[in-house]
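Accompanying notes for the structure given below.
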Amino acid sequence: MSVKSMNESIDGAGSADDPTAIDSIRKDVVRGLKDGFPVLLGVIPFALVLGAQASHKGLNSLAVPLMTGLNFAGGSEFAAIQIWTSPPHIFLIMAVTFLVNSRHILMGATLVPLLMRFSKRKVLPALFFMTDESWALSYSDAYKRSINNVPHFSMPYYLAASFSFYIMWVGCTTLGALIGPVLGDVHHYGFDMAFPAVFLVLVRGMWSGFRKAIPWFASLIVAVAVYHYVPGVWYVMAGPLVGLVVAWLQGDK
């Protein structure tokens, strides 16, 4: 692959002979790493907890990175570990994983207008690395850097944030699996608070007024209610769907 085609595959435009384009890509990569770093620190204890819990369920230090690397979605991995038995109920785990990860369908839908200028062969592989964190950072960044009121999605920014999360996630879950037997029950250390803390940081970064946050609150209330009164993990799907409906009702015609 030529340098030119590599540049084009990163941001859909640009040339190896254009120093301005190369400098722009470099700056977006640095911004992605910089903006993602605080969130990345919050992911570390979250990943250690998952790895430790997986080791207590009987997964070894090879199975854990395979799980976290091939199914790069922390929420569904935690759900799968919670219902893991020996031997595992494969179809139940698959169903729960799909249900928890179904929120990515809604997240991906919000990116459609921002990714129109990229071809599918570039977008689809990149979306494998999409997480709640990289989605929130990139989505917010696209609107902050709007050009003539048109959001500008930066693929280098997104990939820099996503790859850093991927490497840290797989590495720290593996480390958690290795030291899990030594740590014992990690909940005693309060590491499980890392998950809500990370999302509070993301919500704060996307805050743009109470009215626009109404769908968030609607989603939260419904998710909590379903969690308490409906067995299973249906709250994962119920919350986002209600938030989406409220956002649609609020939206301008």
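By convention here, the chains of the structure tokens are called A, B, ... in the order presented, each chain's residues are numbered starting at 1, and ligands are numbered starting at 1 in the order presented.
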Report as a PyMOL selection string all protein, DNA and RNA residues lying within 10 Å of Ile44 of chain A, evaluated on only C-alpha atoms, omitting residues in the same chain fewer than 2 positions from it. chain A and resi 39-42+46-49+165+168-169+171-173+176+191+194-195
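Residue nearest Ile179 of chain A within the list A:Asn149, A:Thr68, A:Ser119, A:Ser55: A:Ser55 [criterion: smallest interatomic distance, only C-alpha atoms].
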Nearby residues (only C-alpha atoms) at most 12 Å from Phe163 of chain A, same-chain spacing under 5 positions excluded, as a list in words: Val29, Gly32, Leu33, Gly36, Phe37, Leu40, Gly69, Phe72, Ala126, Leu127, Phe128, Phe129, Met130, Thr131, Glu133, Ser134, Met155, Pro156, Tyr157, Tyr158, Met168, Trp169 and Val170 of chain A
From the options A:Gly239, A:Gly232, A:Gly108, A:Pro151, which residue's atoms come nearest to Val96 of chain A, counting only C-alpha atoms? A:Gly232
Show me, as a list in words, the residues that have an atom within 9 Å of Val226 of chain A when counting only C-alpha atoms, minus same-chain residues fewer than 4 positions from it.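 So the residues in contact are Ile221, Val222, Val230, Pro231, Val233, Trp234, Tyr235, Val236, Ala238 and Gly239 of chain A.
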Kindly save the residues from that selection, with all heavy atoms included, as a tab-separated table (two decimals), in the first residue's frame.
chain	number	residue	atom	x	y	z
A	221	ILE	N	-33.85	6.79	34.08
A	221	ILE	CA	-34.98	6.42	34.93
A	221	ILE	C	-35.57	5.08	34.48
A	221	ILE	O	-35.85	4.19	35.29
A	221	ILE	CB	-36.05	7.53	34.89
A	221	ILE	CG1	-35.52	8.79	35.59
A	221	ILE	CG2	-37.34	7.06	35.57
A	221	ILE	CD1	-36.41	10.01	35.41
A	222	VAL	N	-35.76	4.93	33.17
A	222	VAL	CA	-36.34	3.69	32.65
A	222	VAL	C	-35.39	2.51	32.87
A	222	VAL	O	-35.82	1.42	33.26
A	222	VAL	CB	-36.68	3.84	31.15
A	222	VAL	CG1	-37.05	2.49	30.54
A	222	VAL	CG2	-37.81	4.83	30.97
A	230	VAL	N	-37.72	-6.00	36.21
A	230	VAL	CA	-37.75	-6.99	35.12
A	230	VAL	C	-36.50	-7.85	35.19
A	230	VAL	O	-35.38	-7.32	35.15
A	230	VAL	CB	-37.83	-6.29	33.74
A	230	VAL	CG1	-37.87	-7.33	32.62
A	230	VAL	CG2	-39.06	-5.40	33.67
A	231	PRO	N	-36.66	-9.18	35.30
A	231	PRO	CA	-35.48	-10.05	35.38
A	231	PRO	C	-34.64	-9.98	34.10
A	231	PRO	O	-35.16	-9.71	33.02
A	231	PRO	CB	-36.10	-11.46	35.56
A	231	PRO	CG	-37.50	-11.21	36.03
A	231	PRO	CD	-37.93	-9.92	35.41
A	233	VAL	N	-31.26	-8.76	31.65
A	233	VAL	CA	-30.53	-7.54	31.32
A	233	VAL	C	-31.29	-6.68	30.31
A	233	VAL	O	-30.70	-5.94	29.53
A	233	VAL	CB	-29.13	-7.89	30.76
A	233	VAL	CG1	-28.27	-8.51	31.83
A	233	VAL	CG2	-29.24	-8.83	29.55
A	234	TRP	N	-32.61	-6.75	30.36
A	234	TRP	CA	-33.42	-5.96	29.43
A	234	TRP	C	-33.27	-4.46	29.65
A	234	TRP	O	-33.57	-3.66	28.75
A	234	TRP	CB	-34.89	-6.37	29.56
A	234	TRP	CG	-35.16	-7.76	29.09
A	234	TRP	CD1	-35.35	-8.87	29.86
A	234	TRP	CD2	-35.21	-8.20	27.73
A	234	TRP	NE1	-35.52	-9.97	29.07
A	234	TRP	CE2	-35.45	-9.60	27.76
A	234	TRP	CE3	-35.08	-7.56	26.50
A	234	TRP	CZ2	-35.56	-10.36	26.60
A	234	TRP	CZ3	-35.19	-8.32	25.35
A	234	TRP	CH2	-35.43	-9.70	25.40
A	235	TYR	N	-32.83	-4.07	30.82
A	235	TYR	CA	-32.64	-2.65	31.10
A	235	TYR	C	-31.60	-2.02	30.18
A	235	TYR	O	-31.64	-0.83	29.90
A	235	TYR	CB	-32.23	-2.44	32.57
A	235	TYR	CG	-30.92	-3.09	32.95
A	235	TYR	CD1	-29.72	-2.38	32.88
A	235	TYR	CD2	-30.88	-4.41	33.38
A	235	TYR	CE1	-28.52	-2.97	33.23
A	235	TYR	CE2	-29.68	-5.01	33.74
A	235	TYR	CZ	-28.50	-4.29	33.65
A	235	TYR	OH	-27.32	-4.87	33.99
A	236	VAL	N	-30.67	-2.85	29.70
A	236	VAL	CA	-29.63	-2.34	28.80
A	236	VAL	C	-30.25	-1.84	27.50
A	236	VAL	O	-29.81	-0.82	26.94
A	236	VAL	CB	-28.59	-3.45	28.50
A	236	VAL	CG1	-27.56	-2.97	27.49
A	236	VAL	CG2	-27.91	-3.89	29.79
A	238	ALA	N	-33.73	-1.28	27.13
A	238	ALA	CA	-34.86	-0.40	27.42
A	238	ALA	C	-34.43	1.05	27.59
A	238	ALA	O	-35.07	1.97	27.05
A	238	ALA	CB	-35.58	-0.88	28.67
A	239	GLY	N	-33.33	1.28	28.31
A	239	GLY	CA	-32.87	2.64	28.55
A	239	GLY	C	-32.55	3.39	27.27
A	239	GLY	O	-33.09	4.48	27.03
Determine, counting only C-alpha atoms, which protein, DNA and RNA residues have an atom within 10 Å of an atom of Gln250 of chain A; residues of the same chain fewer than 2 positions away are not included. Present the result as a VMD selection string. chain A and resid 211 to 212 214 to 215 244 to 248 252 to 253
From the DSSP assignment of the backbone, select every residue of segment 96-131 of chain A that is alpha helix (DSSP H), and format the answer as a list in words.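 Listing alpha helix (DSSP H) positions across segment 96-131 of chain A yields Val96, Thr97, Phe98, Leu99, Val100, Asn101, Arg103, His104, Ile105, Leu106, Met107, Gly108, Ala109, Thr110, Leu111, Lys120, Arg121, Lys122, Val123, Leu124, Pro125, Ala126 and Leu127 of chain A.
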From the list A:Gln82, A:Ser76, A:Gln53, A:Thr110, which residue is nearest Ala95 of chain A when using only C-alpha atoms?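 Under the stated criterion, the closest residue is A:Ser76.
We find atom CA of Leu124 of chain A and atom CA of Ile167 of chain A to be spaced 19.3 Å apart.
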